[in-house]
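Listing of entry.cif; format and content: mmCIF, C-alpha atoms.
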data_target
loop_
_atom_site.label_atom_id
_atom_site.label_comp_id
_atom_site.auth_asym_id
_atom_site.auth_seq_id
_atom_site.Cartn_x
_atom_site.Cartn_y
_atom_site.Cartn_z
CA MET A 1 274.22 118.47 156.52
CA ALA A 2 270.44 118.22 156.70
CA GLN A 3 269.00 114.78 156.26
CA LYS A 4 267.37 114.14 152.89
CA GLN A 5 263.60 113.80 153.02
CA SER A 6 263.14 110.79 150.75
CA TYR A 7 264.84 107.47 150.37
CA ARG A 8 266.50 106.89 147.01
CA PHE A 9 269.03 104.90 145.09
CA SER A 10 270.67 106.25 141.96
CA ARG A 11 270.00 104.62 138.62
CA ASN A 12 272.80 104.66 136.14
CA GLY A 13 272.69 104.64 132.38
CA PRO A 14 274.28 102.28 129.85
CA SER A 15 277.99 101.67 129.50
CA ARG A 16 280.25 100.87 126.56
CA LYS A 17 281.10 97.66 128.41
CA SER A 18 278.18 95.34 127.84
CA PHE A 19 278.77 93.09 130.82
CA ASN A 20 280.62 92.75 134.09
CA GLN A 21 284.14 91.59 133.30
CA SER A 22 284.40 89.16 136.20
CA TYR A 23 281.16 87.53 135.09
CA ASN A 24 282.49 87.21 131.55
CA ARG A 25 285.68 85.57 132.72
CA ASN A 26 283.79 82.89 134.57
CA ARG A 27 280.82 82.25 132.28
CA PHE A 28 282.51 82.64 128.84
CA GLN A 29 279.71 84.93 127.64
CA ASN A 30 281.80 87.04 125.27
CA LYS A 31 283.87 84.26 123.76
CA GLY A 32 281.07 82.09 122.44
CA ARG A 33 282.10 79.17 124.62
CA GLN A 34 279.78 77.29 126.92
CA PRO A 35 280.89 75.07 129.79
CA LYS A 36 280.03 71.41 129.39
CA LYS A 37 276.51 70.60 130.48
CA ALA A 38 275.92 68.15 133.27
CA TYR A 39 273.73 65.18 132.40
CA ILE A 40 270.29 65.45 133.97
CA HIS A 41 267.94 62.49 133.66
CA PRO A 42 264.65 63.61 132.06
CA SER A 43 262.71 62.22 135.03
CA LYS A 44 264.11 65.10 137.09
CA PHE A 45 262.05 67.48 134.94
CA ILE A 46 258.74 65.83 135.85
CA LYS A 47 256.91 66.68 139.05
CA SER A 48 253.32 67.60 139.80
CA ALA A 49 252.64 70.80 141.70
CA LYS A 50 251.25 70.63 145.21
CA ARG A 51 248.35 72.98 145.67
CA ALA A 52 248.61 75.38 148.57
CA SER A 53 245.78 73.63 150.42
CA GLU A 54 247.93 70.51 150.78
CA GLU A 55 250.47 72.13 153.08
CA ALA A 56 249.22 75.47 154.36
CA TYR A 57 251.77 77.36 156.45
CA VAL A 58 250.39 79.09 159.52
CA PRO A 59 252.68 82.03 160.44
CA MET A 60 253.60 82.64 164.05
CA HIS A 61 253.47 86.42 163.54
CA SER A 62 251.86 89.08 161.45
CA PHE A 63 253.94 92.01 160.19
CA SER A 64 252.20 94.25 162.71
CA ASP A 65 253.60 92.05 165.50
CA PHE A 66 257.20 92.88 164.66
CA ALA A 67 258.86 95.60 166.76
CA LEU A 68 259.57 97.92 163.84
CA ASP A 69 260.05 101.63 163.32
CA ALA A 70 256.65 103.24 162.76
CA LEU A 71 257.65 104.41 159.28
CA LEU A 72 258.45 100.85 158.21
CA GLN A 73 255.16 99.62 159.63
CA ARG A 74 253.27 102.22 157.60
CA ASN A 75 255.13 101.33 154.43
CA LEU A 76 254.59 97.59 154.90
CA SER A 77 250.91 98.20 155.54
CA ALA A 78 250.68 100.27 152.35
CA MET A 79 252.30 97.33 150.51
CA ASN A 80 249.60 95.03 151.93
CA PHE A 81 252.17 93.03 153.86
CA GLU A 82 250.06 91.30 156.51
CA ASN A 83 251.05 87.66 156.95
CA PRO A 84 254.74 86.90 156.43
CA SER A 85 255.99 84.01 154.32
CA PRO A 86 257.76 81.18 156.20
CA ILE A 87 261.26 82.62 155.68
CA GLN A 88 260.08 86.11 156.68
CA ASP A 89 258.16 84.78 159.69
CA GLN A 90 261.19 82.92 161.04
CA ALA A 91 264.06 85.20 159.98
CA ILE A 92 262.79 88.71 160.80
CA PRO A 93 262.57 88.26 164.61
CA HIS A 94 266.16 86.97 164.77
CA GLY A 95 267.31 89.72 162.43
CA LEU A 96 265.69 92.37 164.63
CA ALA A 97 267.46 90.80 167.64
CA GLY A 98 270.84 91.35 165.94
CA LYS A 99 271.58 87.69 165.25
CA ASP A 100 273.55 86.41 162.28
CA ILE A 101 271.22 84.44 160.03
CA VAL A 102 271.70 81.62 157.55
CA GLY A 103 268.50 81.24 155.55
CA ILE A 104 267.94 78.25 153.26
CA ALA A 105 264.89 78.72 151.07
CA ASN A 106 263.61 78.10 147.58
CA THR A 107 263.58 81.00 145.16
CA GLY A 108 260.43 83.10 145.13
CA THR A 109 259.75 82.70 148.86
CA GLY A 110 260.14 86.34 149.90
CA LYS A 111 263.79 86.26 150.93
CA THR A 112 264.42 89.91 150.09
CA ALA A 113 261.95 91.26 152.62
CA ALA A 114 263.26 88.74 155.16
CA PHE A 115 266.52 90.70 155.34
CA ALA A 116 265.39 94.12 154.09
CA VAL A 117 263.03 94.66 157.03
CA PRO A 118 265.55 94.02 159.84
CA VAL A 119 268.37 95.79 157.97
CA LEU A 120 266.32 98.95 157.43
CA ASN A 121 265.07 98.87 161.02
CA ARG A 122 268.64 98.70 162.30
CA LEU A 123 269.77 101.57 160.09
CA LEU A 124 266.94 103.75 161.38
CA ALA A 125 267.70 102.86 165.00
CA LYS A 126 271.49 103.28 164.72
CA THR A 127 272.48 106.35 162.76
CA ASP A 128 276.12 105.24 162.50
CA SER A 129 275.23 101.84 161.04
CA LYS A 130 275.86 101.03 157.37
CA ALA A 131 274.95 98.02 155.23
CA ILE A 132 276.38 96.27 152.18
CA ILE A 133 274.32 93.77 150.18
CA LEU A 134 275.86 91.46 147.56
CA ALA A 135 273.90 89.71 144.81
CA PRO A 136 275.10 87.51 141.93
CA THR A 137 273.43 89.38 139.05
CA ARG A 138 272.53 92.93 138.10
CA GLU A 139 268.84 92.03 137.86
CA LEU A 140 268.76 90.63 141.39
CA ALA A 141 270.69 93.65 142.72
CA GLU A 142 268.14 95.95 141.09
CA GLN A 143 265.28 93.91 142.51
CA ILE A 144 266.77 94.22 146.00
CA GLU A 145 267.27 97.94 145.49
CA GLN A 146 263.64 98.36 144.50
CA GLN A 147 262.45 96.48 147.58
CA PHE A 148 264.64 98.58 149.87
CA ARG A 149 263.39 101.80 148.28
CA THR A 150 259.76 100.76 148.69
CA ILE A 151 259.98 99.48 152.27
CA GLY A 152 262.22 102.40 153.28
CA LYS A 153 260.25 105.12 151.52
CA GLY A 154 260.49 108.45 153.34
CA SER A 155 263.23 107.22 155.70
CA GLY A 156 265.90 109.68 154.58
CA LEU A 157 268.35 106.82 154.10
CA ASP A 158 270.65 107.10 151.11
CA GLY A 159 272.17 104.36 149.00
CA ALA A 160 274.18 103.45 145.92
CA LEU A 161 273.69 100.69 143.38
CA LEU A 162 277.04 99.34 142.14
CA ILE A 163 276.64 96.95 139.21
CA GLY A 164 278.39 96.20 135.95
CA GLY A 165 277.07 97.33 132.59
CA THR A 166 276.71 100.90 133.86
CA PRO A 167 279.26 103.73 133.83
CA MET A 168 281.49 104.44 136.79
CA GLY A 169 280.84 108.21 136.78
CA PRO A 170 277.40 108.28 138.43
CA GLN A 171 278.49 105.57 140.87
CA LEU A 172 281.55 107.59 141.89
CA ARG A 173 279.32 110.62 142.40
CA ASP A 174 276.95 108.68 144.65
CA LEU A 175 279.80 107.24 146.69
CA ARG A 176 281.10 110.72 147.49
CA TYR A 177 277.98 111.23 149.63
CA SER A 178 278.93 108.25 151.85
CA PRO A 179 275.67 106.31 151.35
CA ARG A 180 274.54 104.11 154.20
CA ILE A 181 273.32 101.29 151.94
CA ILE A 182 275.52 99.72 149.26
CA ILE A 183 273.90 97.17 146.94
CA GLY A 184 275.80 95.56 144.12
CA THR A 185 277.49 92.67 142.39
CA PRO A 186 280.83 91.36 143.71
CA GLY A 187 282.85 92.26 140.62
CA ARG A 188 281.86 95.93 140.53
CA ILE A 189 282.12 96.37 144.30
CA LYS A 190 285.62 94.90 144.23
CA ASP A 191 286.49 97.29 141.38
CA HIS A 192 285.51 100.24 143.57
CA LEU A 193 287.46 98.91 146.53
CA GLU A 194 290.59 98.50 144.43
CA ARG A 195 290.38 102.00 142.98
CA GLY A 196 289.81 103.48 146.44
CA SER A 197 286.38 104.93 145.66
CA LEU A 198 284.61 102.73 148.22
CA ASN A 199 285.32 102.34 151.92
CA ILE A 200 283.28 99.67 153.68
CA SER A 201 285.28 99.42 156.91
CA ASP A 202 282.31 100.94 158.75
CA CYS A 203 279.74 98.58 157.20
CA ASP A 204 278.45 96.64 160.20
CA VAL A 205 275.62 94.88 158.34
CA VAL A 206 276.41 92.42 155.54
CA VAL A 207 273.95 90.54 153.35
CA LEU A 208 274.92 87.84 150.85
CA ASP A 209 271.91 86.87 148.76
CA GLU A 210 272.03 83.65 146.73
CA VAL A 211 275.47 82.80 148.04
CA ASP A 212 275.56 79.51 146.15
CA ARG A 213 275.03 81.24 142.83
CA MET A 214 277.81 83.76 143.50
CA LEU A 215 280.17 80.89 144.25
CA ASP A 216 279.02 79.05 141.10
CA MET A 217 279.94 82.16 139.12
CA GLY A 218 283.47 82.14 140.52
CA PHE A 219 283.10 85.03 142.95
CA VAL A 220 284.53 83.22 145.99
CA HIS A 221 287.74 85.31 146.06
CA ASP A 222 285.86 88.55 145.44
CA ILE A 223 283.44 87.78 148.28
CA THR A 224 286.28 86.90 150.65
CA HIS A 225 288.08 90.10 149.68
CA ILE A 226 284.96 92.23 150.22
CA LEU A 227 283.97 90.70 153.56
CA GLY A 228 287.52 91.15 154.79
CA HIS A 229 287.11 94.92 154.37
CA THR A 230 283.91 95.21 156.43
CA ASN A 231 283.59 95.98 160.14
CA PRO A 232 284.60 92.86 162.13
CA SER A 233 281.73 93.61 164.56
CA ARG A 234 278.98 93.06 162.04
CA GLN A 235 275.63 91.39 161.70
CA SER A 236 275.53 89.01 158.74
CA PHE A 237 272.72 87.56 156.65
CA TYR A 238 273.37 84.66 154.30
CA PHE A 239 270.63 83.40 152.00
CA SER A 240 271.07 80.43 149.73
CA ALA A 241 269.11 77.65 148.07
CA THR A 242 271.75 75.13 149.15
CA LEU A 243 274.20 74.75 152.03
CA ASP A 244 277.15 72.93 150.54
CA ALA A 245 280.76 72.92 151.75
CA ARG A 246 281.65 76.11 149.88
CA VAL A 247 278.78 78.06 151.42
CA LYS A 248 279.56 76.64 154.86
CA GLY A 249 283.19 77.74 154.47
CA ILE A 250 282.22 81.37 153.84
CA ILE A 251 279.79 81.36 156.76
CA GLU A 252 282.25 79.78 159.20
CA ASN A 253 284.94 82.31 158.32
CA PHE A 254 282.80 85.44 158.52
CA SER A 255 279.98 84.88 161.03
CA LYS A 256 279.44 84.25 164.71
CA ASP A 257 276.97 81.65 166.01
CA PRO A 258 274.45 82.15 163.21
CA VAL A 259 270.83 81.09 163.51
CA HIS A 260 270.04 78.51 160.82
CA ILE A 261 266.60 78.73 159.26
CA SER A 262 265.49 76.29 156.60
CA VAL A 263 262.10 76.53 154.96
CA LYS A 264 263.09 74.67 151.83
CA SER A 265 260.47 72.01 151.15
CA GLY A 266 262.32 70.39 148.24
CA GLU A 267 264.77 71.01 145.45
CA THR A 268 262.12 72.85 143.46
CA SER A 269 259.10 74.92 144.39
CA ASP A 270 255.97 72.95 145.22
CA ASN A 271 253.98 75.54 143.24
CA VAL A 272 255.52 74.55 139.90
CA ASP A 273 254.01 71.79 137.76
CA GLN A 274 256.91 70.28 135.80
CA ASN A 275 256.93 68.17 132.65
CA VAL A 276 258.94 67.43 129.51
CA VAL A 277 258.25 68.14 125.84
CA ASN A 278 259.65 65.52 123.48
CA PHE A 279 260.70 66.61 120.00
CA ALA A 280 262.38 65.13 116.96
CA GLY A 281 264.47 67.59 114.94
CA SER A 282 264.71 71.39 114.90
CA GLU A 283 261.59 71.95 112.78
CA ASN A 284 259.46 69.83 115.08
CA LYS A 285 260.99 71.59 118.07
CA ILE A 286 259.99 75.13 117.02
CA ASP A 287 256.53 73.90 115.99
CA ARG A 288 256.00 72.35 119.42
CA LEU A 289 257.03 75.60 121.07
CA HIS A 290 254.61 77.46 118.79
CA ASP A 291 251.77 75.17 119.87
CA ILE A 292 252.55 75.68 123.57
CA LEU A 293 252.60 79.46 123.23
CA THR A 294 249.22 79.51 121.50
CA GLN A 295 247.47 77.64 124.32
CA ASN A 296 245.05 79.76 126.33
CA GLU A 297 246.69 78.93 129.66
CA THR A 298 250.07 80.23 128.43
CA ALA A 299 249.42 83.85 129.36
CA LYS A 300 253.04 84.92 129.94
CA ALA A 301 256.07 82.77 129.11
CA LEU A 302 259.78 82.94 129.84
CA VAL A 303 261.74 80.86 127.32
CA PHE A 304 265.36 79.91 128.03
CA ASP A 305 267.97 79.24 125.37
CA ASP A 306 271.74 78.80 125.56
CA THR A 307 273.58 81.68 123.90
CA HIS A 308 273.15 85.28 122.77
CA ARG A 309 272.88 84.17 119.16
CA SER A 310 270.40 81.37 119.81
CA VAL A 311 268.24 83.71 121.90
CA GLU A 312 268.19 86.35 119.16
CA ARG A 313 267.50 83.75 116.49
CA LEU A 314 264.61 82.21 118.44
CA SER A 315 263.19 85.62 119.31
CA LYS A 316 263.13 86.69 115.66
CA GLU A 317 261.52 83.42 114.62
CA LEU A 318 258.74 83.84 117.18
CA VAL A 319 258.17 87.45 116.10
CA SER A 320 257.82 86.26 112.51
CA ARG A 321 255.14 83.83 113.72
CA GLY A 322 253.13 86.67 115.22
CA PHE A 323 254.04 86.44 118.90
CA SER A 324 254.69 89.48 121.09
CA VAL A 325 258.34 88.77 121.94
CA ASP A 326 261.58 90.39 123.03
CA SER A 327 264.88 89.06 124.30
CA ILE A 328 267.37 89.54 127.11
CA HIS A 329 270.96 88.37 127.43
CA GLY A 330 274.37 89.53 128.58
CA GLY A 331 275.16 91.10 125.22
CA LYS A 332 272.62 93.85 125.83
CA THR A 333 273.39 96.96 127.85
CA GLN A 334 271.81 97.34 131.24
CA SER A 335 269.44 100.04 130.02
CA GLN A 336 268.31 97.77 127.15
CA ARG A 337 267.68 94.94 129.57
CA GLN A 338 265.73 97.23 131.88
CA ARG A 339 263.51 98.38 129.01
CA VAL A 340 262.79 94.80 127.94
CA LEU A 341 261.96 93.72 131.50
CA LYS A 342 259.61 96.69 131.88
CA LYS A 343 257.79 95.66 128.70
CA PHE A 344 257.49 92.12 130.05
CA LYS A 345 256.18 93.25 133.43
CA THR A 346 253.58 95.55 131.87
CA ASN A 347 252.45 92.90 129.33
CA GLU A 348 253.63 94.92 126.35
CA ILE A 349 255.24 91.62 125.44
CA THR A 350 254.01 88.23 126.64
CA VAL A 351 257.00 86.08 125.66
CA LEU A 352 260.54 86.77 126.84
CA VAL A 353 263.41 84.73 125.38
CA ALA A 354 266.50 84.78 127.59
CA THR A 355 269.80 83.23 128.54
CA ASP A 356 270.45 82.25 132.15
CA VAL A 357 271.02 85.92 132.93
CA ALA A 358 267.26 85.93 133.66
CA ALA A 359 267.36 82.81 135.84
CA ARG A 360 268.03 84.87 138.97
CA GLY A 361 266.58 88.14 140.12
CA LEU A 362 263.72 88.29 137.63
CA ASP A 363 260.73 89.08 139.83
CA VAL A 364 257.62 88.99 137.65
CA SER A 365 254.78 87.50 139.66
CA ASP A 366 252.46 86.57 136.77
CA ILE A 367 254.74 84.36 134.63
CA THR A 368 252.58 81.33 133.89
CA HIS A 369 255.16 79.23 132.04
CA VAL A 370 258.91 78.74 132.10
CA ILE A 371 260.04 76.87 129.01
CA ASN A 372 263.50 75.32 128.82
CA TYR A 373 263.95 75.36 125.06
CA SER A 374 267.54 74.34 125.73
CA LEU A 375 268.62 72.11 128.59
CA PRO A 376 270.18 73.94 131.55
CA GLN A 377 273.87 73.64 132.33
CA SER A 378 273.14 71.98 135.67
CA TYR A 379 270.20 70.92 137.80
CA ASP A 380 270.84 73.91 140.06
CA ASP A 381 270.40 76.19 137.04
CA TYR A 382 267.17 74.34 136.26
CA VAL A 383 265.88 74.99 139.78
CA HIS A 384 266.49 78.70 139.45
CA ARG A 385 265.07 78.92 135.94
CA ILE A 386 261.75 77.38 136.93
CA GLY A 387 261.70 79.45 140.13
CA ARG A 388 260.61 82.38 137.93
CA THR A 389 257.09 80.91 137.87
CA GLY A 390 254.82 79.67 140.64
CA ARG A 391 255.52 82.81 142.66
CA ALA A 392 253.38 84.64 145.22
CA GLY A 393 251.43 81.48 145.98
CA LYS A 394 250.36 80.90 142.37
CA VAL A 395 250.77 77.63 140.48
CA GLY A 396 253.14 77.85 137.51
CA TYR A 397 254.24 75.47 134.78
CA ALA A 398 257.73 74.42 133.71
CA LEU A 399 258.28 72.58 130.44
CA THR A 400 261.64 71.21 129.37
CA PHE A 401 262.41 70.24 125.77
CA VAL A 402 264.06 66.82 125.50
CA GLY A 403 265.20 65.45 122.15
CA GLN A 404 264.17 61.96 121.13
#

Could I get this structure in the form of C-alpha cells?
Amino acid sequence: MAQKQSYRFSRNGPSRKSFNQSYNRNRFQNKGRQPKKAYIHPSKFIKSAKRASEEAYVPMHSFSDFALDALLQRNLSAMNFENPSPIQDQAIPHGLAGKDIVGIANTGTGKTAAFAVPVLNRLLAKTDSKAIILAPTRELAEQIEQQFRTIGKGSGLDGALLIGGTPMGPQLRDLRYSPRIIIGTPGRIKDHLERGSLNISDCDVVVLDEVDRMLDMGFVHDITHILGHTNPSRQSFYFSATLDARVKGIIENFSKDPVHISVKSGETSDNVDQNVVNFAGSENKIDRLHDILTQNETAKALVFDDTHRSVERLSKELVSRGFSVDSIHGGKTQSQRQRVLKKFKTNEITVLVATDVAARGLDVSDITHVINYSLPQSYDDYVHRIGRTGRAGKVGYALTFVGQ
C-alpha cells in the first residue's frame, strides 16, 4: 500500500455516553457525589511570582542542534521552535539516543514536545516502530494529538485518537489501518484491548504523560494491563509533576535504567502570582468575583467550581451580569467541550467556568487569571488548576476564594 502523503489523526464525533466510564467510577461525576476535600491551609495559596529575569535558563542546545529528520527540523522551524525549554533541552537528546526517560516538571513547561520530537524521529527512522501515548484526560490527549500532527506534518505517519465521549465506530475504522501512533486515555484503550480491536504487542515506544494524575484517577490497573501488552523491548517516557511511591512502582516494573530529569523548581510555577480572596456569604462571594472579572488586567479568566450543577449555575449568573461566558464539565459531550474550548481560545468568550476536567490538558497560552471559586479537592489539584496560567514564559495570576 502506498504511503499516505500527509500526517493525520481522526477526529470523532459525540457519543450518547457523556463521559468515560472508568473516569466516572473513580471520580463520582455522574452520581453527584464528591470525595472529601483535603484541608489546605490558606497560606499555601499565597506566593509571589518570580519574574523570568530572576532565574533565566540558558539552554545547552538549540532545536537546530538536535540530530533530527530534515522534515521535523523544517516543521519545528516553521513553528518558531528555536531555544528549547529546560525539559526539552535535557530530555530530547536522551530520547533521541533511545534511553528511557523519567521527566519531572511543572505543568506548562513544554513536556509534550519533549517526548513528541524523539518519538516522531524514531518512527521516521524505523518503519516498523509503533508508539502508544497515554494521558489522563480527553483534553490532554487531544492536545498531544495536535502537537504530534503539527510537528509531524507531511511525514506520512498515521495515527488514531482513542478517548471516551466519542463513538467506537470511527475508532474501530481507524484501527483497521494499523496506525503507527496510538494516543488515548487508559479507559478507552483498555476497552479496545478487551474487545480485540487493538493490538499493541508491536508498540515499542510508550509514553505516559502526567502519570501521577492517571494514578490519582484510579487508572493504576488499567495502566499495568496496557503496558503488559506492549513490546517488552520498548523505549519508555514517563512524565509527571511528582515522583511518589506509586509512580516509582510503575517505572520500576516497566522500564530499564531510565534517565531521570527534573526541572521542577517548586510545587507551583514560578510564573504564577498567587493570592486569596476572602468573602463572607454567597452574595458577597459572587460580587467579589464580579469585581475581579471587571478589572482591566483580567483579560481571560478560567474559573473553577466543584460540580456540573454549580458550574452551570455560576455560568448563567455571570452571563446575566453581562460577561462573555461559557462552561465545560464532564456532563457535556466531547464535541460540545471542543466547541467551547475553541470559543475560549479565539476570544469569542473571555471567561470559562469549569470543573477539574479543565485542570489538565487545557493549553491556552493567554489565560491571565485562574480563579478557584471553589477550593480544590487536594493541593495537587490546585497545582494543576493554576498551571493553566503563567504559560509560555508569561506571568499569570491565581486567586483562591476562602470563606471567612

- request: List the residues selected by the PyMOL selection byres ((chain A and resi 64) around 12) in the file shown, writing them as a list in words.
  value: Met60, His61, Ser62, Phe63, Asp65, Phe66, Ala67, Leu68, Asp69, Ala70, Leu72, Gln73, Arg74, Asn75, Leu76, Ser77, Asn80, Phe81, Glu82, Asn83, Pro84 and Asp89 of chain A

field: Test item: which residues lie within 12 Å of (257.4, 73.6, 118.6) counting all atoms listed in the file, as a ChimeraX atom specification
entry: /A:277-294,314,317-318,321,371,373,399-403

- request: Just the residues within 8 Å of stretch 38-40 of chain A, please, counting only C-alpha atoms, with nothing from its chain fewer than 6 positions along; format it as a PyMOL selection string.
  value: chain A and resi 377-379

- prompt: Any idea what's packed within 9 Å of stretch 350-360 of chain A, counting only C-alpha atoms, ignoring anything in its chain fewer than 5 positions away? Could you give it as a ChimeraX atom specification?
  reply: /A:107,136-140,210,213,293,299-308,310-312,314-315,318,323-330,340-341,343-345,367,376,381-388

query: Could you pull the residues within 10 Å of A:Ala97, counting only C-alpha atoms, minus those fewer than 3 positions along the same chain, as a PyMOL selection string?
result: chain A and resi 67+92-94+100+118+122

Filtering to C-alpha atoms, could you give me those residues as a CSV table (one decimal), keeping the file's coordinate frame?
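Output file selection_32.csv follows:
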chain,number,residue,atom,x,y,z
A,67,ALA,CA,258.9,95.6,166.8
A,92,ILE,CA,262.8,88.7,160.8
A,93,PRO,CA,262.6,88.3,164.6
A,94,HIS,CA,266.2,87.0,164.8
A,100,ASP,CA,273.6,86.4,162.3
A,118,PRO,CA,265.6,94.0,159.8
A,122,ARG,CA,268.6,98.7,162.3

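Once the PyMOL selection byres ((chain A and resi 111) around 10) is applied to this file, the selection holds Ser85, Pro86, Ile87, Gln88, Ala91, Gly103, Ile104, Ala105, Asn106, Thr107, Gly108, Thr109, Gly110, Thr112, Ala113, Ala114, Phe115, Ala116, Ile144, Asp209, Glu210, Phe239 and Ser240 of chain A.
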
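Across the model, the gap from atom CA of A:Ser43 to atom CA of A:Val211 is 27.5 Å.
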
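Taking atom CA of A:Leu124 as the reference point, atom CA of A:Pro179 is found at 13.5 Å.
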
message: With distances taken over all atoms listed in the file, which residue among A:Ile250, A:Ala141, A:Gly322, A:Val206 lies nearest A:Val220?
response: A:Ile250

Excluding A:Asp202 and its own-chain neighbours fewer than 6 positions away, which residues fall within 12 Å of it when counting only C-alpha atoms? Please give them as a PDB file with C-alpha atoms, in the coordinates of the input.
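Written out: result14.pdb:
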ATOM      1  CA  THR A 127     272.480 106.350 162.760  1.00  0.00           C
ATOM      2  CA  ASP A 128     276.120 105.240 162.500  1.00  0.00           C
ATOM      3  CA  SER A 129     275.230 101.840 161.040  1.00  0.00           C
ATOM      4  CA  LYS A 130     275.860 101.030 157.370  1.00  0.00           C
ATOM      5  CA  ALA A 131     274.950  98.020 155.230  1.00  0.00           C
ATOM      6  CA  ILE A 132     276.380  96.270 152.180  1.00  0.00           C
ATOM      7  CA  SER A 178     278.930 108.250 151.850  1.00  0.00           C
ATOM      8  CA  PRO A 179     275.670 106.310 151.350  1.00  0.00           C
ATOM      9  CA  ARG A 180     274.540 104.110 154.200  1.00  0.00           C
ATOM     10  CA  ILE A 181     273.320 101.290 151.940  1.00  0.00           C
ATOM     11  CA  ILE A 182     275.520  99.720 149.260  1.00  0.00           C
ATOM     12  CA  LEU A 227     283.970  90.700 153.560  1.00  0.00           C
ATOM     13  CA  GLY A 228     287.520  91.150 154.790  1.00  0.00           C
ATOM     14  CA  HIS A 229     287.110  94.920 154.370  1.00  0.00           C
ATOM     15  CA  THR A 230     283.910  95.210 156.430  1.00  0.00           C
ATOM     16  CA  ASN A 231     283.590  95.980 160.140  1.00  0.00           C
ATOM     17  CA  PRO A 232     284.600  92.860 162.130  1.00  0.00           C
ATOM     18  CA  SER A 233     281.730  93.610 164.560  1.00  0.00           C
ATOM     19  CA  ARG A 234     278.980  93.060 162.040  1.00  0.00           C
TER      20      ARG A 234
END

Residues near A:Leu198, cut-off 8 Å, all atoms listed in the file, skip fewer than 3 positions along chain, as a ChimeraX atom specification: /A:175,189,192-193,195

message: Just to confirm, what's the straight-line distance from atom CA of A:Ile349 to atom CA of A:Asp363 in Å (one decimal)?
response: 15.6 Å

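Ranking A:Ile151, A:Gly159, A:Val272, A:Asp222 by their shortest atom-to-atom distance to A:Arg173, with all atoms listed in the file included, puts A:Gly159 first.
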
Residues within 10 Å of (279.8, 80.4, 159.2), file coords, all atoms listed in the file, listed as a list in words: Asp100, Ile101, Val102, Ser236, Tyr238, Val247, Lys248, Gly249, Ile250, Ile251, Glu252, Asn253, Phe254, Ser255, Lys256, Asp257, Pro258 and Val259 of chain A

Let me have the centre and edge lengths of the axis-aligned box enclosing all listed atoms of stretch 194-201 of chain A with 8 Å padding on every side, in Å to one decimal, as AutoDock Vina command-line options.
--center_x 286.9 --center_y 101.7 --center_z 149.9 --size_x 23.3 --size_y 22.4 --size_z 29.9

statement: Residue with the minimum atom-to-atom distance to A:Gly164, picked from A:Asn275, A:Thr298, A:Ser335, A:Asn199 with all atoms listed in the file counted, is A:Ser335

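Of the residues listed (A:Lys316, A:Ser197, A:Phe45, A:Phe237), A:Phe237 shows the shortest atom-to-atom separation from A:Ile261; distances use all atoms listed in the file.
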